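Engineer: Sharing model.cif here; it has mmCIF, C-alpha atoms.
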```cif
data_data
#
loop_
_atom_site.group_PDB
_atom_site.id
_atom_site.type_symbol
_atom_site.label_atom_id
_atom_site.label_comp_id
_atom_site.auth_asym_id
_atom_site.auth_seq_id
_atom_site.Cartn_x
_atom_site.Cartn_y
_atom_site.Cartn_z
ATOM 1 C CA MET A 870 89.304 87.194 67.564
ATOM 2 C CA THR A 871 89.686 83.495 68.150
ATOM 3 C CA ALA A 872 88.517 82.245 71.517
ATOM 4 C CA LEU A 873 91.445 81.158 73.674
ATOM 5 C CA ARG A 874 91.204 78.327 76.136
ATOM 6 C CA SER A 875 93.316 77.527 79.160
ATOM 7 C CA SER A 876 91.622 76.896 82.452
ATOM 8 C CA VAL A 877 89.042 79.457 81.383
ATOM 9 C CA THR A 878 87.968 80.971 78.080
ATOM 10 C CA VAL A 879 89.398 84.331 77.117
ATOM 11 C CA THR A 880 88.055 86.397 74.257
ATOM 12 C CA ALA A 881 89.990 89.552 73.490
ATOM 13 C CA PRO A 882 88.123 92.516 72.010
ATOM 14 C CA ALA A 883 88.055 92.797 68.233
ATOM 15 C CA ARG A 884 90.076 95.609 66.721
ATOM 16 C CA GLN A 885 90.992 97.208 63.461
ATOM 17 C CA ASN A 886 94.503 98.093 62.361
ATOM 18 C CA ALA A 887 96.217 100.286 64.902
ATOM 19 C CA GLY A 888 96.103 103.978 64.189
ATOM 20 C CA PRO A 889 96.733 107.185 66.117
ATOM 21 C CA GLY A 890 95.552 106.743 69.672
ATOM 22 C CA LYS A 891 94.564 103.111 69.153
ATOM 23 C CA GLY A 892 97.762 101.581 70.543
ATOM 24 C CA LEU A 893 97.086 102.598 74.130
ATOM 25 C CA ARG A 894 93.405 101.678 73.854
ATOM 26 C CA THR A 895 94.329 98.256 72.486
ATOM 27 C CA LEU A 896 96.830 97.718 75.295
ATOM 28 C CA SER A 897 94.295 98.648 77.951
ATOM 29 C CA GLN A 898 91.576 96.447 76.403
ATOM 30 C CA ASP A 899 93.850 93.417 76.154
ATOM 31 C CA THR A 900 95.255 93.981 79.627
ATOM 32 C CA TRP A 901 91.751 94.140 81.081
ATOM 33 C CA THR A 902 90.720 90.946 79.257
ATOM 34 C CA LEU A 903 93.745 89.016 80.534
ATOM 35 C CA TYR A 904 93.379 90.525 83.999
ATOM 36 C CA VAL A 905 89.810 89.233 84.194
ATOM 37 C CA ARG A 906 91.074 85.858 83.012
ATOM 38 C CA GLN A 907 93.535 85.829 85.934
ATOM 39 C CA LEU A 908 90.766 86.559 88.436
ATOM 40 C CA LYS A 909 88.477 83.899 86.961
ATOM 41 C CA LYS A 910 91.283 81.369 87.041
ATOM 42 C CA LEU A 911 91.953 82.155 90.683
ATOM 43 C CA SER A 912 88.254 81.913 91.562
ATOM 44 C CA ARG A 913 88.228 78.330 90.261
ATOM 45 C CA GLN A 914 91.002 77.312 92.667
ATOM 46 C CA PRO A 915 89.297 77.334 96.090
ATOM 47 C CA THR A 916 92.184 75.506 97.780
ATOM 48 C CA VAL A 917 94.623 78.201 96.722
ATOM 49 C CA ILE A 918 92.241 80.919 97.915
ATOM 50 C CA VAL A 919 91.721 79.315 101.321
ATOM 51 C CA PHE A 920 95.403 78.758 102.007
ATOM 52 C CA ALA A 921 96.340 82.199 100.684
ATOM 53 C CA LEU A 922 93.908 83.800 103.127
ATOM 54 C CA VAL A 923 94.448 81.516 106.122
ATOM 55 C CA GLN A 924 98.248 81.463 106.049
ATOM 56 C CA PRO A 925 98.764 85.157 106.948
ATOM 57 C CA ILE A 926 96.230 84.819 109.764
ATOM 58 C CA ILE A 927 98.194 81.876 111.194
ATOM 59 C CA TRP A 928 101.435 83.841 110.992
ATOM 60 C CA LEU A 929 99.862 86.778 112.756
ATOM 61 C CA GLY A 930 98.167 84.761 115.467
ATOM 62 C CA LEU A 931 101.049 82.336 116.046
ATOM 63 C CA PHE A 932 104.201 84.437 115.808
ATOM 64 C CA GLY A 933 102.532 87.593 117.081
ATOM 65 C CA GLN A 934 101.737 85.779 120.320
ATOM 66 C CA MET A 935 104.860 83.592 120.468
ATOM 67 C CA PHE A 936 107.187 86.598 120.697
ATOM 68 C CA SER A 937 104.831 88.874 122.610
ATOM 69 C CA ARG A 938 107.172 88.953 125.634
ATOM 70 C CA VAL A 939 109.984 90.469 123.553
ATOM 71 C CA ALA A 940 108.555 93.951 124.058
ATOM 72 C CA ASP A 941 108.880 93.508 127.839
ATOM 73 C CA PHE A 942 112.685 93.388 127.755
ATOM 74 C CA PRO A 943 114.430 96.597 128.904
ATOM 75 C CA THR A 944 114.881 99.205 126.116
ATOM 76 C CA VAL A 945 113.376 96.870 123.486
ATOM 77 C CA GLY A 946 109.926 98.380 123.847
ATOM 78 C CA ASP A 947 111.331 101.866 123.171
ATOM 79 C CA GLN A 948 113.059 100.651 119.995
ATOM 80 C CA MET A 949 109.789 99.126 118.831
ATOM 81 C CA GLY A 950 107.939 102.411 119.251
ATOM 82 C CA ASN A 951 106.305 101.484 122.576
ATOM 83 C CA VAL A 952 103.755 99.204 120.959
ATOM 84 C CA SER A 953 103.070 95.519 121.567
ATOM 85 C CA TYR A 954 105.059 92.999 119.563
ATOM 86 C CA PHE A 955 101.754 91.966 118.006
ATOM 87 C CA GLN A 956 101.329 95.443 116.516
ATOM 88 C CA PHE A 957 105.025 95.563 115.623
ATOM 89 C CA PHE A 958 104.551 92.281 113.742
ATOM 90 C CA ILE A 959 101.485 93.284 111.680
ATOM 91 C CA PRO A 960 103.591 95.064 108.992
ATOM 92 C CA THR A 961 105.853 92.005 108.869
ATOM 93 C CA VAL A 962 102.942 89.709 108.037
ATOM 94 C CA MET A 963 101.760 92.179 105.386
ATOM 95 C CA LEU A 964 105.137 91.920 103.678
ATOM 96 C CA GLN A 965 105.355 88.159 104.230
ATOM 97 C CA SER A 966 102.157 87.748 102.235
ATOM 98 C CA VAL A 967 103.811 89.527 99.317
ATOM 99 C CA LEU A 968 107.224 87.878 99.663
ATOM 100 C CA PHE A 969 105.845 84.350 99.584
ATOM 101 C CA GLY A 970 102.898 85.110 97.302
ATOM 102 C CA ALA A 971 105.052 86.540 94.508
ATOM 103 C CA GLY A 972 106.472 83.090 93.831
ATOM 104 C CA GLN A 973 103.136 82.090 92.292
ATOM 105 C CA SER A 974 103.773 84.586 89.485
ATOM 106 C CA GLY A 975 106.822 82.707 88.256
ATOM 107 C CA VAL A 976 105.110 79.341 88.616
ATOM 108 C CA GLY A 977 102.030 80.714 86.833
ATOM 109 C CA ILE A 978 103.956 81.858 83.765
ATOM 110 C CA ILE A 979 105.582 78.409 83.547
ATOM 111 C CA SER A 980 102.119 76.826 83.737
ATOM 112 C CA ASP A 981 100.956 79.011 80.842
ATOM 113 C CA ILE A 982 103.954 77.875 78.784
ATOM 114 C CA SER A 983 103.686 74.152 79.578
ATOM 115 C CA SER A 984 99.917 74.055 79.042
ATOM 116 C CA GLY A 985 100.254 75.628 75.605
ATOM 117 C CA TYR A 986 98.123 78.616 76.619
ATOM 118 C CA LEU A 987 100.895 81.102 75.896
ATOM 119 C CA ASP A 988 101.481 79.653 72.419
ATOM 120 C CA LYS A 989 97.772 79.943 71.629
ATOM 121 C CA LEU A 990 97.772 83.500 72.895
ATOM 122 C CA LEU A 991 100.713 84.403 70.678
ATOM 123 C CA THR A 992 98.853 83.263 67.555
ATOM 124 C CA THR A 993 96.402 86.122 68.096
ATOM 125 C CA PRO A 994 96.968 89.867 67.612
ATOM 126 C CA VAL A 995 96.890 90.425 71.383
ATOM 127 C CA ASN A 996 99.292 93.117 72.598
ATOM 128 C CA ARG A 997 102.386 91.324 73.933
ATOM 129 C CA ALA A 998 102.846 93.776 76.799
ATOM 130 C CA ALA A 999 99.274 93.052 77.922
ATOM 131 C CA ILE A 1000 100.207 89.417 78.587
ATOM 132 C CA LEU A 1001 102.617 90.440 81.324
ATOM 133 C CA MET A 1002 100.512 93.339 82.582
ATOM 134 C CA GLY A 1003 97.387 91.206 82.903
ATOM 135 C CA ARG A 1004 99.310 88.724 85.063
ATOM 136 C CA LEU A 1005 100.927 91.517 87.070
ATOM 137 C CA PHE A 1006 97.618 93.194 87.929
ATOM 138 C CA GLY A 1007 95.936 89.878 88.679
ATOM 139 C CA ASP A 1008 98.685 88.810 91.080
ATOM 140 C CA LEU A 1009 98.797 92.239 92.718
ATOM 141 C CA THR A 1010 95.031 92.074 93.295
ATOM 142 C CA ARG A 1011 95.435 88.723 95.042
ATOM 143 C CA MET A 1012 98.234 90.113 97.205
ATOM 144 C CA MET A 1013 96.340 93.263 98.147
ATOM 145 C CA ILE A 1014 93.346 91.180 99.241
ATOM 146 C CA GLN A 1015 95.679 89.203 101.501
ATOM 147 C CA VAL A 1016 97.212 92.390 102.888
ATOM 148 C CA GLY A 1017 93.777 93.888 103.522
ATOM 149 C CA ILE A 1018 92.739 90.785 105.462
ATOM 150 C CA VAL A 1019 95.918 90.988 107.560
ATOM 151 C CA ILE A 1020 95.100 94.577 108.484
ATOM 152 C CA LEU A 1021 91.511 93.726 109.401
ATOM 153 C CA VAL A 1022 92.475 90.647 111.412
ATOM 154 C CA GLY A 1023 95.330 92.516 113.080
ATOM 155 C CA TRP A 1024 92.998 95.318 114.099
ATOM 156 C CA GLY A 1025 90.319 92.848 115.278
ATOM 157 C CA LEU A 1026 92.663 90.689 117.351
ATOM 158 C CA GLY A 1027 94.471 93.811 118.469
ATOM 159 C CA ARG A 1028 91.401 94.902 120.434
ATOM 160 C CA PHE A 1029 92.345 92.190 122.938
ATOM 161 C CA GLN A 1030 96.053 93.081 123.161
ATOM 162 C CA ASP A 1031 97.689 95.144 125.876
ATOM 163 C CA PRO A 1032 98.296 97.810 124.717
ATOM 164 C CA ARG A 1033 95.546 97.719 122.111
ATOM 165 C CA VAL A 1034 96.399 98.010 118.420
ATOM 166 C CA VAL A 1035 95.899 101.559 117.184
ATOM 167 C CA PHE A 1036 96.914 102.648 113.685
ATOM 168 C CA ALA A 1037 98.551 106.024 114.243
ATOM 169 C CA ASN A 1038 97.707 107.647 110.895
ATOM 170 C CA GLY A 1039 94.223 106.237 110.353
ATOM 171 C CA ILE A 1040 92.864 105.294 106.932
ATOM 172 C CA GLY A 1041 95.351 107.542 105.126
ATOM 173 C CA GLY A 1042 98.275 105.758 106.763
ATOM 174 C CA ILE A 1043 96.804 102.345 105.911
ATOM 175 C CA LEU A 1044 96.353 103.270 102.235
ATOM 176 C CA ALA A 1045 99.882 104.690 102.029
ATOM 177 C CA ALA A 1046 101.238 101.527 103.666
ATOM 178 C CA MET A 1047 99.414 99.409 101.079
ATOM 179 C CA LEU A 1048 101.011 101.517 98.329
ATOM 180 C CA VAL A 1049 104.462 100.656 99.691
ATOM 181 C CA VAL A 1050 103.514 96.959 99.822
ATOM 182 C CA LEU A 1051 102.197 97.271 96.247
ATOM 183 C CA LEU A 1052 105.577 98.558 95.071
ATOM 184 C CA LEU A 1053 107.393 95.727 96.811
ATOM 185 C CA GLY A 1054 104.972 93.233 95.267
ATOM 186 C CA THR A 1055 105.529 94.678 91.780
ATOM 187 C CA MET A 1056 109.282 94.350 92.203
ATOM 188 C CA LEU A 1057 109.019 90.745 93.397
ATOM 189 C CA ILE A 1058 106.555 89.716 90.681
ATOM 190 C CA GLY A 1059 108.921 91.063 88.028
ATOM 191 C CA PHE A 1060 111.794 89.122 89.572
ATOM 192 C CA ASN A 1061 109.822 85.873 89.820
ATOM 193 C CA ILE A 1062 108.502 86.121 86.260
ATOM 194 C CA PHE A 1063 112.087 86.651 85.091
ATOM 195 C CA ILE A 1064 113.243 83.564 87.010
ATOM 196 C CA GLY A 1065 110.300 81.536 85.695
ATOM 197 C CA LEU A 1066 111.034 82.492 82.082
ATOM 198 C CA LEU A 1067 114.748 81.877 82.617
ATOM 199 C CA THR A 1068 114.435 78.386 84.102
ATOM 200 C CA LYS A 1069 111.095 77.286 82.598
ATOM 201 C CA ASN A 1070 111.050 74.785 85.433
ATOM 202 C CA THR A 1071 108.557 74.864 88.304
ATOM 203 C CA GLU A 1072 110.825 73.221 90.888
ATOM 204 C CA ALA A 1073 113.815 75.426 90.059
ATOM 205 C CA THR A 1074 111.692 78.583 90.141
ATOM 206 C CA PHE A 1075 110.160 77.602 93.474
ATOM 207 C CA MET A 1076 113.564 76.825 95.006
ATOM 208 C CA ILE A 1077 115.195 80.025 93.754
ATOM 209 C CA GLY A 1078 112.231 82.062 94.971
ATOM 210 C CA ASN A 1079 112.383 80.581 98.476
ATOM 211 C CA PHE A 1080 116.176 80.862 98.552
ATOM 212 C CA THR A 1081 115.781 84.588 97.856
ATOM 213 C CA VAL A 1082 112.827 85.268 100.140
ATOM 214 C CA ILE A 1083 114.269 83.825 103.373
ATOM 215 C CA PRO A 1084 117.345 86.111 103.509
ATOM 216 C CA LEU A 1085 115.283 89.106 102.407
ATOM 217 C CA LEU A 1086 112.899 88.507 105.306
ATOM 218 C CA PHE A 1087 115.280 87.625 108.109
ATOM 219 C CA VAL A 1088 118.194 89.921 107.218
ATOM 220 C CA SER A 1089 116.012 92.994 107.612
ATOM 221 C CA SER A 1090 114.138 94.843 110.330
ATOM 222 C CA ALA A 1091 111.070 92.649 109.791
ATOM 223 C CA MET A 1092 111.401 90.503 112.911
ATOM 224 C CA LEU A 1093 113.337 92.837 115.214
ATOM 225 C CA PRO A 1094 114.375 96.490 115.231
ATOM 226 C CA LEU A 1095 117.526 97.033 113.188
ATOM 227 C CA SER A 1096 119.564 98.052 116.261
ATOM 228 C CA LEU A 1097 119.039 94.604 117.831
ATOM 229 C CA LEU A 1098 120.571 92.717 114.892
ATOM 230 C CA PRO A 1099 124.265 91.703 114.761
ATOM 231 C CA LYS A 1100 126.511 94.371 113.230
ATOM 232 C CA TRP A 1101 127.091 92.485 109.974
ATOM 233 C CA MET A 1102 123.338 91.940 109.593
ATOM 234 C CA GLN A 1103 122.701 95.639 110.135
ATOM 235 C CA THR A 1104 125.095 96.435 107.287
ATOM 236 C CA VAL A 1105 123.402 93.996 104.906
ATOM 237 C CA ALA A 1106 119.913 95.009 106.056
ATOM 238 C CA LYS A 1107 120.577 98.629 105.090
ATOM 239 C CA LEU A 1108 120.800 97.468 101.468
ATOM 240 C CA ASN A 1109 117.762 95.194 101.725
ATOM 241 C CA PRO A 1110 114.604 96.565 100.026
ATOM 242 C CA VAL A 1111 112.469 94.785 102.641
ATOM 243 C CA THR A 1112 114.037 96.980 105.347
ATOM 244 C CA TYR A 1113 113.001 100.141 103.497
ATOM 245 C CA ALA A 1114 109.514 98.780 102.908
ATOM 246 C CA ILE A 1115 108.949 97.515 106.454
ATOM 247 C CA ASP A 1116 110.266 100.724 108.036
ATOM 248 C CA ALA A 1117 107.919 102.847 105.940
ATOM 249 C CA VAL A 1118 104.917 100.601 106.625
ATOM 250 C CA ARG A 1119 105.657 100.565 110.375
ATOM 251 C CA ALA A 1120 105.974 104.329 110.504
ATOM 252 C CA LEU A 1121 102.694 104.762 108.619
ATOM 253 C CA LEU A 1122 100.789 102.294 110.793
ATOM 254 C CA ASN A 1123 102.488 102.626 114.190
ATOM 255 C CA GLY A 1124 103.776 106.200 114.122
ATOM 256 C CA SER A 1125 107.243 107.730 113.714
ATOM 257 C CA GLY A 1126 108.225 106.329 117.126
ATOM 258 C CA ALA A 1127 108.721 103.017 115.330
ATOM 259 C CA LEU A 1128 111.798 104.485 113.609
ATOM 260 C CA ASP A 1129 115.163 105.484 114.973
ATOM 261 C CA GLY A 1130 115.460 109.227 114.526
ATOM 262 C CA ARG A 1131 113.648 109.437 111.182
ATOM 263 C CA SER A 1132 110.309 110.953 110.303
ATOM 264 C CA THR A 1133 107.468 109.072 108.662
ATOM 265 C CA GLY A 1134 107.781 111.230 105.541
ATOM 266 C CA GLU A 1135 111.477 110.466 105.196
ATOM 267 C CA ALA A 1136 110.934 106.715 105.578
ATOM 268 C CA LEU A 1137 108.108 106.796 103.009
ATOM 269 C CA LEU A 1138 110.120 108.808 100.497
ATOM 270 C CA LEU A 1139 113.164 106.543 100.764
ATOM 271 C CA ALA A 1140 111.004 103.423 100.370
ATOM 272 C CA VAL A 1141 109.134 104.759 97.332
ATOM 273 C CA ILE A 1142 112.327 105.845 95.560
ATOM 274 C CA TYR A 1143 114.278 102.670 96.305
ATOM 275 C CA LEU A 1144 111.427 100.294 95.470
ATOM 276 C CA SER A 1145 110.487 102.216 92.316
ATOM 277 C CA VAL A 1146 114.041 101.903 90.990
ATOM 278 C CA LEU A 1147 114.040 98.173 91.717
ATOM 279 C CA CYS A 1148 110.618 97.831 90.027
ATOM 280 C CA VAL A 1149 112.126 99.308 86.862
ATOM 281 C CA VAL A 1150 115.087 96.909 87.091
ATOM 282 C CA THR A 1151 113.057 93.716 87.629
ATOM 283 C CA GLY A 1152 110.370 94.843 85.182
ATOM 284 C CA THR A 1153 113.003 95.407 82.501
ATOM 285 C CA LEU A 1154 114.557 91.993 83.163
ATOM 286 C CA ALA A 1155 111.154 90.270 82.967
ATOM 287 C CA THR A 1156 110.123 92.134 79.806
ATOM 288 C CA ARG A 1157 113.361 91.438 77.951
ATOM 289 C CA ARG A 1158 113.294 87.788 78.928
ATOM 290 C CA PHE A 1159 109.672 87.528 77.802
ATOM 291 C CA ARG A 1160 110.500 89.030 74.426
ATOM 292 C CA ARG A 1161 113.295 86.484 73.994
ATOM 293 C CA THR A 1162 110.933 83.673 75.009
ATOM 294 C CA VAL A 1163 108.180 84.608 72.568
ATOM 295 C CA GLY A 1164 110.619 85.476 69.806
#
```
Rewrite the structure from the file as structure tokens, please.

Structural biologist:
Amino acid sequence: MTALRSSVTVTAPARQNAGPGKGLRTLSQDTWTLYVRQLKKLSRQPTVIVFALVQPIIWLGLFGQMFSRVADFPTVGDQMGNVSYFQFFIPTVMLQSVLFGAGQSGVGIISDISSGYLDKLLTTPVNRAAILMGRLFGDLTRMMIQVGIVILVGWGLGRFQDPRVVFANGIGGILAAMLVVLLLGTMLIGFNIFIGLLTKNTEATFMIGNFTVIPLLFVSSAMLPLSLLPKWMQTVAKLNPVTYAIDAVRALLNGSGALDGRSTGEALLLAVIYLSVLCVVTGTLATRRFRRTVG
């Protein structure tokens, strides 16, 4: 197969005509090749790596301390699960990393189009679905690294908080929380790729992404418990996927006391179902738009 060049060289595995059982193997081989290409491309952008890793740490250190006195107000501490605001805010920063990081997926697909890389790729027998899946897995890997760093930094800085940061459900709770974040990231990547393919304009994609992210973040239970929001915000927040995700992550990390009358299992189940449905919706939109783009 012809060597493909963008910012790095990609060589997809040679194959014969598809036969029984070869379709899935071809898809997995091409997806892996393009996934590795995504990682190599990222590794050659040190500025992006540094800012992607430092930004969540700044959010955690700055906002986690800035609003630390919030938990001292009467009844607020109970609604937060009797943990420090710093610990309350750790799940928020985990989701912030995904909310803002997903925008790079839309911008990235536009870059592939404008650079001619996508056209070169389409002249080869590469599986078309692998093009999107390789980008999806590459971007999710970047996001999960960011989320992992947030957890480690939150736990490390949390040793100096009063009360100290303690993850209620241990390693199992952390892994389950990362699964919820993974689902949210998948949904957002699908949406941003759809917007990128629809506009084919970096500035428009960036603006639409930010215009969407800000309401999703602030009209949810990310910054404050849902009961402390204005009534109209509570109504909107109950439809917001970020609310479902943040509630499940908080329950898994901070214990069921972080929720109002719901168990951790219930919050997790609701989040998984709701986010999975939205993943199908945004994934379908992105796939159909991609098929129209590539003809």

Engineer: Looking at only C-alpha atoms, which of A:Ser1089, A:Thr1112, A:Thr1081, A:Gln1030 is the one that sits closest to Gln956 of chain A?

Structural biologist: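 Selected residue with least distance to Gln956 of chain A: A:Gln1030.
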
Engineer: Could you check which of A:Ser1090, A:Thr1074, A:Ser912, A:Thr992 is closest to Phe957 of chain A, using all atoms listed in the file?

Structural biologist: A:Ser1090

Engineer: Between atom CA of Val967 of chain A and atom CA of Leu1095 of chain A, what is the spacing in Å?

Structural biologist: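 A separation of 20.9 Å between them.
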
Engineer: Once the PyMOL selection byres ((chain A and resi 966) around 7) has been evaluated on this model, what residues remain selected, and can you format them as a list in words?

Structural biologist: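 Selected by the PyMOL selection byres ((chain A and resi 966) around 7) in this file: Pro925, Val962, Met963, Leu964, Gln965, Val967, Leu968, Phe969, Gly970, Met1012, Gln1015 and Val1016 of chain A.
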
Engineer: Expressed in Å to a single decimal, how great is the separation between atom CA of Ala1037 of chain A and atom CA of Leu1085 of chain A?

Structural biologist: 26.6 Å

Engineer: Could you pull the residues within 10 Å of Asn1038 of chain A, counting only C-alpha atoms, minus those fewer than 5 positions along the same chain, as a list in words?

Structural biologist: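 Everything that qualifies: Ile1043, Leu1044, Ala1045, Ala1120, Leu1121, Leu1122, Asn1123, Gly1124 and Ser1125 of chain A.
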
Engineer: Hey, can you check how far atom CA of Gly1059 of chain A sits from atom CA of Thr1151 of chain A?

Structural biologist: 4.9 Å

Engineer: Restricting the calculation to all atoms listed in the file, which member of A:Phe1075, A:Phe920, A:Trp901, A:Phe932 is positioned closest to Met1092 of chain A?

Structural biologist: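 For Met1092 of chain A, the nearest of the candidates is A:Phe932.
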
Engineer: I'd like the box whose edges run along x, y and z of the file and which contains every listed atom of segment 897-902 of chain A, padded by 8 Å per side; could you state its centre and edge lengths in Å, one decimal, as JSON?

Structural biologist:
```
{"center_x": 93.0, "center_y": 94.8, "center_z": 78.6, "size_x": 20.5, "size_y": 23.7, "size_z": 20.9}
```

Engineer: Which is closer to Arg1160 of chain A than all the others in A:Ile1083, A:Ile1062, A:Leu1051, A:Ala998, using all atoms listed in the file?

Structural biologist: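 Once distances to Arg1160 of chain A are computed over all atoms listed in the file, the minimum belongs to A:Ala998.
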
Engineer: Determine the residue membership of the PyMOL selection byres ((chain A and resi 896) around 9) for the file above and supply it as a short mmCIF file (atom, residue, chain, number, x, y, z; two decimals) with C-alpha atoms, keeping the file's coordinate frame.

Structural biologist:
```
data_model
loop_
_atom_site.label_atom_id
_atom_site.label_comp_id
_atom_site.auth_asym_id
_atom_site.auth_seq_id
_atom_site.Cartn_x
_atom_site.Cartn_y
_atom_site.Cartn_z
CA LYS A 891 94.56 103.11 69.15
CA GLY A 892 97.76 101.58 70.54
CA LEU A 893 97.09 102.60 74.13
CA ARG A 894 93.40 101.68 73.85
CA THR A 895 94.33 98.26 72.49
CA SER A 897 94.30 98.65 77.95
CA GLN A 898 91.58 96.45 76.40
CA ASP A 899 93.85 93.42 76.15
CA THR A 900 95.26 93.98 79.63
CA TRP A 901 91.75 94.14 81.08
CA VAL A 995 96.89 90.42 71.38
CA ASN A 996 99.29 93.12 72.60
CA ARG A 997 102.39 91.32 73.93
CA ALA A 998 102.85 93.78 76.80
CA ALA A 999 99.27 93.05 77.92
#
```

Engineer: In terms of the shortest atom-to-atom distance over all atoms listed in the file, which of A:Gly1065, A:Pro1094, A:Gly1027, A:Gly1126 is closest to Ile959 of chain A?

Structural biologist: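 With all atoms listed in the file as the atom set, the closest residue is A:Gly1027.
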
Engineer: Taking only C-alpha atoms into account, name the residue in A:Ile1058, A:Met1013, A:Ala1091, A:Ile1000 that is nearest to Gln973 of chain A.

Structural biologist: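 Residue with the minimum atom-to-atom distance to Gln973 of chain A: A:Ile1058.
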
Engineer: For Asn1070 of chain A, list every protein, DNA or RNA residue within 10 Å, evaluated using all atoms listed in the file, and leave out those in the same chain fewer than 6 positions away; present the list as a list of chain:residue names.

Structural biologist: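 That gives A:Gly975, A:Val976, A:Ile979, A:Ser980, A:Ser983, A:Ile1064.
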
Engineer: Taking the file above as input, evaluate the PyMOL selection byres ((chain A and resi 911) around 12) and report the hits as a tab-separated table (two decimals) with C-alpha atoms, keeping the file's coordinate frame.

Structural biologist:
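selection-v4.tsv was written with the following content:
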```tsv
chain	number	residue	atom	x	y	z
A	876	SER	CA	91.62	76.90	82.45
A	877	VAL	CA	89.04	79.46	81.38
A	904	TYR	CA	93.38	90.52	84.00
A	905	VAL	CA	89.81	89.23	84.19
A	906	ARG	CA	91.07	85.86	83.01
A	907	GLN	CA	93.54	85.83	85.93
A	908	LEU	CA	90.77	86.56	88.44
A	909	LYS	CA	88.48	83.90	86.96
A	910	LYS	CA	91.28	81.37	87.04
A	912	SER	CA	88.25	81.91	91.56
A	913	ARG	CA	88.23	78.33	90.26
A	914	GLN	CA	91.00	77.31	92.67
A	915	PRO	CA	89.30	77.33	96.09
A	916	THR	CA	92.18	75.51	97.78
A	917	VAL	CA	94.62	78.20	96.72
A	918	ILE	CA	92.24	80.92	97.92
A	919	VAL	CA	91.72	79.32	101.32
A	921	ALA	CA	96.34	82.20	100.68
A	973	GLN	CA	103.14	82.09	92.29
A	977	GLY	CA	102.03	80.71	86.83
A	1004	ARG	CA	99.31	88.72	85.06
A	1007	GLY	CA	95.94	89.88	88.68
A	1008	ASP	CA	98.68	88.81	91.08
A	1010	THR	CA	95.03	92.07	93.30
A	1011	ARG	CA	95.44	88.72	95.04
```

Engineer: Can you tell me, as a ChimeraX atom specification, which residues sit within 12 Å of (114.9, 80.9, 79.5) in the file's frame, using all atoms listed in the file?

Structural biologist: /A:978-979,982,1062-1070,1073-1074,1154-1155,1157-1164
